[in-house]
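Notes for the one structure printed next.
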Amino acid sequence: MYLYNSLSRKKELFTPNHPDIVKMYTCGPTVYHFAHIGNLRSYIMEDVLEKYLRYSGYNVKRVMNITDVGHLTSDGDTGEDKMLKGAKREHKSVMDIAKFYTDAFFDDCRKLNIKTPDVVEPATNCIENYIHIIETLLEKGYAYQAGGNVYFDTSKLEKYHVFHDFSEDDLDVGVREGVEEDLNKRNKNDFVLWFTQSKFEDQALKWDSPWGVGYPGWHIECTGISLKHLGEDLDIHCGGIDNAFPHHTNEIAQSESFLGHKWCNYWFHVLHLNTTQGKMSKSSGEFLTVSLLESKGYDPICYRFFCLQSHYRKNLVFSYENLDNSVAAYNKLIDKIAALDPKAEGEIDKQMLWELKQRFMKGMDADLNTSLGITALYDVLKAKTDDRTKLAALQDFDQVLGLNLLEAAAKKREAQKQAEAAEEHDPEIEALLAERTSAKKAKDFATADRIRDELKARGIEIIDTPQGPKWKRV
Ligand code: AMP
Ligand code: ZN
């Protein structure tokens, strides 16, 4: 499989460090509010990546953190803790907020067919790990204490900006608009590893440390949790593109300085979901959540389909019109699958199944091109083969795409059956049809036409067959 790597800015042939396992790390949600559907775009695409690696025969161990402490409201180190902000907003404790929104996040994931990673670790579980890493960074001269906090010293690195997708000037935290400069820092890109002093003295969660009572910075948690569960090397690190800087840049700085060698080989970044007005936000405009889509009558799987229709490395614009187009395409696809006979007998055409799989994998191998993966579904429907083989191929691809294809088709068939059964036994319509048949026999065509028109006005079409008149709703 070829995957675009943000480190090299190239598509590279994916080769894991160890033949028997792919180690994958995902930055988890900050659980101070519901996830918006932009956040969930990232998790959907990461889920497809994990499932496709498994489909391709790899064993995968995937780890995700839950940010329940330390993520500040600005990219610098001066904002308010997001968790504390959430707790104040809802008059609850930080731990209650964390629990509530962690559960809500996994509820959304379940609705979107996003598999729960093998390990999910809240940041507050690993304080000892962070303290050990920070102590080592201090010993090695990569960190310093100032104004009560511990900072990472970026001047000690040969190269700090490892992702080249941005210009260095744009990235400098100290000069970014809206981010106050922290005067304790020796260099403007230095960042906090451990806080004992912050503007927000009411920080709810604090722990003892060699530098005083305090709490960890945001970036150290992903380093600590990844090293704890995946060891000294990592194959793929995932996240939305906004995490590339400063979060992932700082993760690399501290992890590699601590380890003394390269840490992660592939960086997988999902581009943003935007609204027609621009950036998606939890605080301005409509707060777009999975529950909101459901309340408007959308099946969350249609949102997954909408995401899969575009490549993860392109910005995607959300509008209800765009989502409606995806709903229509999804329903049409399900109609076609529902028309296949699930009870078809006979052997599966193994050669044809293999060829169809090759087509699916060709698209997915090309930097996880999910829209080609979806095209492969239509190729199956058009293939010159029997229904059993088609259904087997669709089921196979859906292990990766997660679109509930066969379940949705079965539901549709059932609904059609019920509708047909209900219509066959509509006594009022049947009485009118019988009256029309008698009228025709008596050559009373005016009455017969009137009944036809009356039924037509009610959306019912009469079909005259050699076995007598039948009817259907149109
Ligand atoms: P957060 O809960 O803010 O830590 O973000 C959770 C994940 O969502 C991270 O991987 C972010 O990079 C990602 N993310 C944030 N905004 C968007 C967006 N508009 N589109 C796609 N991913 C996003
Ligand atoms: Zn992270």
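Labels for the structure tokens follow display order: chains A, B, ..., residues from 1 in each chain, ligands from 1.
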
Original post:
Hey, what's within 7 Å of segment 343-354 of chain A if we count only C-alpha atoms and toss same-chain stuff fewer than 2 positions away? As JSON, numbers by chain, please?
Top reply: {"A": [341, 356, 357, 358, 387, 388, 389, 393]}

Saved selection, atoms kept: all heavy atoms, as a PDB file, in the first residue's frame:
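The resulting file, result31.pdb, is shown below:
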ATOM      1  N   ASP A 341     -30.506 -11.307  -5.227  1.00  0.00           N
ATOM      2  CA  ASP A 341     -31.229 -12.364  -4.521  1.00  0.00           C
ATOM      3  C   ASP A 341     -30.338 -12.978  -3.436  1.00  0.00           C
ATOM      4  O   ASP A 341     -29.375 -13.686  -3.746  1.00  0.00           O
ATOM      5  CB  ASP A 341     -31.656 -13.434  -5.537  1.00  0.00           C
ATOM      6  CG  ASP A 341     -32.404 -14.565  -4.854  1.00  0.00           C
ATOM      7  OD1 ASP A 341     -32.625 -14.477  -3.622  1.00  0.00           O
ATOM      8  OD2 ASP A 341     -32.755 -15.527  -5.550  1.00  0.00           O
ATOM      9  N   LEU A 356     -12.534  -8.859  -8.650  1.00  0.00           N
ATOM     10  CA  LEU A 356     -13.222  -7.703  -8.054  1.00  0.00           C
ATOM     11  C   LEU A 356     -12.432  -7.163  -6.864  1.00  0.00           C
ATOM     12  O   LEU A 356     -12.297  -5.953  -6.684  1.00  0.00           O
ATOM     13  CB  LEU A 356     -14.639  -8.099  -7.623  1.00  0.00           C
ATOM     14  CG  LEU A 356     -15.601  -8.426  -8.770  1.00  0.00           C
ATOM     15  CD1 LEU A 356     -16.865  -9.095  -8.241  1.00  0.00           C
ATOM     16  CD2 LEU A 356     -15.969  -7.154  -9.552  1.00  0.00           C
ATOM     17  N   LYS A 357     -11.891  -8.084  -6.080  1.00  0.00           N
ATOM     18  CA  LYS A 357     -11.067  -7.678  -4.928  1.00  0.00           C
ATOM     19  C   LYS A 357      -9.837  -6.905  -5.383  1.00  0.00           C
ATOM     20  O   LYS A 357      -9.437  -5.932  -4.750  1.00  0.00           O
ATOM     21  CB  LYS A 357     -10.583  -8.928  -4.170  1.00  0.00           C
ATOM     22  CG  LYS A 357     -11.464  -9.314  -3.010  1.00  0.00           C
ATOM     23  CD  LYS A 357     -10.952 -10.587  -2.360  1.00  0.00           C
ATOM     24  CE  LYS A 357     -10.104 -10.265  -1.156  1.00  0.00           C
ATOM     25  NZ  LYS A 357     -10.526 -10.843   0.078  1.00  0.00           N
ATOM     26  N   GLN A 358      -9.241  -7.341  -6.485  1.00  0.00           N
ATOM     27  CA  GLN A 358      -8.054  -6.636  -6.993  1.00  0.00           C
ATOM     28  C   GLN A 358      -8.396  -5.200  -7.332  1.00  0.00           C
ATOM     29  O   GLN A 358      -7.638  -4.279  -7.064  1.00  0.00           O
ATOM     30  CB  GLN A 358      -7.484  -7.322  -8.259  1.00  0.00           C
ATOM     31  CG  GLN A 358      -6.950  -8.718  -8.032  1.00  0.00           C
ATOM     32  CD  GLN A 358      -6.096  -8.818  -6.792  1.00  0.00           C
ATOM     33  OE1 GLN A 358      -5.089  -8.138  -6.644  1.00  0.00           O
ATOM     34  NE2 GLN A 358      -6.511  -9.648  -5.856  1.00  0.00           N
ATOM     35  N   ASP A 387     -25.547 -13.498  -8.393  1.00  0.00           N
ATOM     36  CA  ASP A 387     -25.831 -12.670  -7.213  1.00  0.00           C
ATOM     37  C   ASP A 387     -25.026 -13.113  -5.996  1.00  0.00           C
ATOM     38  O   ASP A 387     -24.636 -12.282  -5.163  1.00  0.00           O
ATOM     39  CB  ASP A 387     -27.332 -12.710  -6.887  1.00  0.00           C
ATOM     40  CG  ASP A 387     -28.139 -11.882  -7.878  1.00  0.00           C
ATOM     41  OD1 ASP A 387     -27.518 -11.351  -8.829  1.00  0.00           O
ATOM     42  OD2 ASP A 387     -29.358 -11.763  -7.699  1.00  0.00           O
ATOM     43  N   ARG A 388     -24.793 -14.399  -5.873  1.00  0.00           N
ATOM     44  CA  ARG A 388     -24.026 -14.884  -4.699  1.00  0.00           C
ATOM     45  C   ARG A 388     -22.633 -14.272  -4.670  1.00  0.00           C
ATOM     46  O   ARG A 388     -22.150 -13.828  -3.637  1.00  0.00           O
ATOM     47  CB  ARG A 388     -23.864 -16.409  -4.793  1.00  0.00           C
ATOM     48  CG  ARG A 388     -24.944 -17.157  -4.067  1.00  0.00           C
ATOM     49  CD  ARG A 388     -24.544 -18.589  -4.018  1.00  0.00           C
ATOM     50  NE  ARG A 388     -23.621 -18.749  -2.899  1.00  0.00           N
ATOM     51  CZ  ARG A 388     -23.749 -19.663  -1.976  1.00  0.00           C
ATOM     52  NH1 ARG A 388     -24.730 -20.519  -2.048  1.00  0.00           N
ATOM     53  NH2 ARG A 388     -22.899 -19.761  -0.997  1.00  0.00           N
ATOM     54  N   THR A 389     -21.990 -14.279  -5.846  1.00  0.00           N
ATOM     55  CA  THR A 389     -20.629 -13.739  -5.936  1.00  0.00           C
ATOM     56  C   THR A 389     -20.647 -12.239  -5.656  1.00  0.00           C
ATOM     57  O   THR A 389     -19.785 -11.711  -4.946  1.00  0.00           O
ATOM     58  CB  THR A 389     -20.048 -14.039  -7.334  1.00  0.00           C
ATOM     59  OG1 THR A 389     -20.188 -15.425  -7.569  1.00  0.00           O
ATOM     60  CG2 THR A 389     -18.600 -13.619  -7.444  1.00  0.00           C
ATOM     61  N   ALA A 393     -18.706 -10.304  -2.585  1.00  0.00           N
ATOM     62  CA  ALA A 393     -17.732  -9.216  -2.787  1.00  0.00           C
ATOM     63  C   ALA A 393     -18.140  -7.979  -1.979  1.00  0.00           C
ATOM     64  O   ALA A 393     -17.302  -7.350  -1.318  1.00  0.00           O
ATOM     65  CB  ALA A 393     -17.645  -8.878  -4.271  1.00  0.00           C
TER      66      ALA A 393
END

**OP:** Go through the chains and note each residue within 6 Å of ligand 1, using only C-alpha atoms and all ligand atoms, then give the set as a PyMOL selection string.
**Re:** chain A and resi 27-30+38-39+41-42+239-243+271-274+280

**OP:** For ligand 2, list the contacting residues at 8 Å or closer, counting only C-alpha atoms and all ligand atoms, as a ChimeraX atom specification.
**Re:** /A:26-28,65,218-219,221-223,239,243,247-248,251

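Among the candidates A:Arg62, A:His261, A:Lys206, A:Lys88, the residue lying nearest to His33 of chain A is A:Lys88 (atoms considered: only C-alpha atoms).
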
Original post:
So which bits of segment 284-388 of chain A end up strand (DSSP E or B) when you DSSP the backbone, as a ChimeraX atom specification?
Top reply: /A:316-318,366

**OP:** Determine, counting only C-alpha atoms, which protein, DNA and RNA residues have an atom within 8 Å of an atom of Lys390 of chain A; residues of the same chain fewer than 5 positions away are not included. Present the result as a count of residues only.
**Re:** 5

Original post:
What's the 9 Å shell around segment 66-68 of chain A, counting only C-alpha atoms, without same-chain residues fewer than 6 positions away, as a PyMOL selection string?
Top reply: chain A and resi 27-32+82-83+94-95+97-98+102+120-124+218+221

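Counting only C-alpha atoms, the residue from A:Met364, A:Glu90, A:Lys85, A:Trp267 that sits nearest to Leu234 of chain A is A:Trp267.
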
**OP:** Identify, on the basis of only C-alpha atoms, every residue whose closest approach to segment 370-379 of chain A does not exceed 12 Å; exclude the query and any residue fewer than 3 positions from it along the same chain; express the result as a ChimeraX atom specification.
**Re:** /A:44-49,52,304-314,326,329-330,332-334,336-337,352-353,355-367,382-385,390-403,405

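Compared by their closest atoms to Val69 of chain A, and using only C-alpha atoms, the residues A:Gln203, A:Ser155, A:Thr15, A:Thr116 rank with A:Gln203 nearest.
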
Original post:
Could you name the residues that touch Ile220 of chain A at 8 Å or less, counting only C-alpha atoms, but leaving out those on the same chain fewer than 5 positions away, as an MDAnalysis selection string?
Top reply: chainID A and resid 130 193 251 254

Subject >> Spatial neighbours of Asn265 of chain A, max dist 12 Å, only C-alpha atoms, sep filter under 2 positions, as a ChimeraX atom specification >> reply: /A:3-8,12-17,22-25,232-238,252,256,261-263,267-268

Subject >> Test item, helix (DSSP H, G or I) assignment across segment 83-198 of chain A, answer as a PyMOL selection string >> reply: chain A and resi 83-90+94-111+123-125+127-139+154-156+168-171+173-175

Deliver the residues from the most recent selection as a file, using C-alpha atoms, as an mmCIF file, in the first residue's frame.
data_model
loop_
_atom_site.group_PDB
_atom_site.id
_atom_site.type_symbol
_atom_site.label_atom_id
_atom_site.label_comp_id
_atom_site.auth_asym_id
_atom_site.auth_seq_id
_atom_site.Cartn_x
_atom_site.Cartn_y
_atom_site.Cartn_z
ATOM 1 C CA MET A 83 -11.649 20.680 30.499
ATOM 2 C CA LEU A 84 -11.948 23.328 33.179
ATOM 3 C CA LYS A 85 -13.793 25.556 30.772
ATOM 4 C CA GLY A 86 -16.266 22.719 30.050
ATOM 5 C CA ALA A 87 -16.750 22.059 33.772
ATOM 6 C CA LYS A 88 -17.463 25.745 34.486
ATOM 7 C CA ARG A 89 -19.892 25.941 31.576
ATOM 8 C CA GLU A 90 -21.936 23.010 32.872
ATOM 9 C CA VAL A 94 -13.946 17.985 35.547
ATOM 10 C CA MET A 95 -14.172 14.209 36.051
ATOM 11 C CA ASP A 96 -17.940 14.226 35.426
ATOM 12 C CA ILE A 97 -17.426 16.246 32.257
ATOM 13 C CA ALA A 98 -14.715 13.819 31.094
ATOM 14 C CA LYS A 99 -16.896 10.767 31.702
ATOM 15 C CA PHE A 100 -19.975 12.243 30.063
ATOM 16 C CA TYR A 101 -18.203 13.367 26.883
ATOM 17 C CA THR A 102 -16.048 10.242 26.621
ATOM 18 C CA ASP A 103 -19.239 8.149 26.611
ATOM 19 C CA ALA A 104 -20.834 10.535 24.116
ATOM 20 C CA PHE A 105 -17.792 10.240 21.845
ATOM 21 C CA PHE A 106 -17.934 6.442 21.782
ATOM 22 C CA ASP A 107 -21.699 6.588 21.191
ATOM 23 C CA ASP A 108 -21.065 8.690 18.094
ATOM 24 C CA CYS A 109 -18.314 6.283 17.005
ATOM 25 C CA ARG A 110 -20.661 3.310 17.344
ATOM 26 C CA LYS A 111 -23.281 5.037 15.181
ATOM 27 C CA ALA A 123 -4.312 11.121 29.963
ATOM 28 C CA THR A 124 -4.869 11.321 33.729
ATOM 29 C CA ASN A 125 -3.918 7.606 34.053
ATOM 30 C CA ILE A 127 1.116 10.923 35.181
ATOM 31 C CA GLU A 128 4.086 8.809 36.337
ATOM 32 C CA ASN A 129 5.057 8.101 32.733
ATOM 33 C CA TYR A 130 5.143 11.813 31.886
ATOM 34 C CA ILE A 131 7.171 12.621 35.011
ATOM 35 C CA HIS A 132 9.747 9.975 34.071
ATOM 36 C CA ILE A 133 10.079 11.351 30.513
ATOM 37 C CA ILE A 134 10.376 14.948 31.745
ATOM 38 C CA GLU A 135 13.054 13.969 34.307
ATOM 39 C CA THR A 136 15.062 12.309 31.542
ATOM 40 C CA LEU A 137 14.671 15.332 29.235
ATOM 41 C CA LEU A 138 15.972 17.563 32.038
ATOM 42 C CA GLU A 139 18.917 15.218 32.650
ATOM 43 C CA THR A 154 13.683 23.660 21.047
ATOM 44 C CA SER A 155 17.089 25.299 20.442
ATOM 45 C CA LYS A 156 18.696 21.968 21.405
ATOM 46 C CA GLU A 168 8.264 28.480 9.358
ATOM 47 C CA ASP A 169 7.070 32.067 9.863
ATOM 48 C CA ASP A 170 3.444 30.941 9.861
ATOM 49 C CA LEU A 171 4.230 28.357 12.459
ATOM 50 C CA VAL A 173 3.666 30.302 18.064
ATOM 51 C CA GLY A 174 4.993 33.482 19.660
ATOM 52 C CA VAL A 175 4.002 35.666 16.758
#

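Taking atom CA of Tyr298 of chain A and atom CA of Ala408 of chain A as endpoints, the distance between them is 14.1 Å.
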
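You will find atom CA of His91 of chain A at 27.1 Å from atom CA of Glu294 of chain A.
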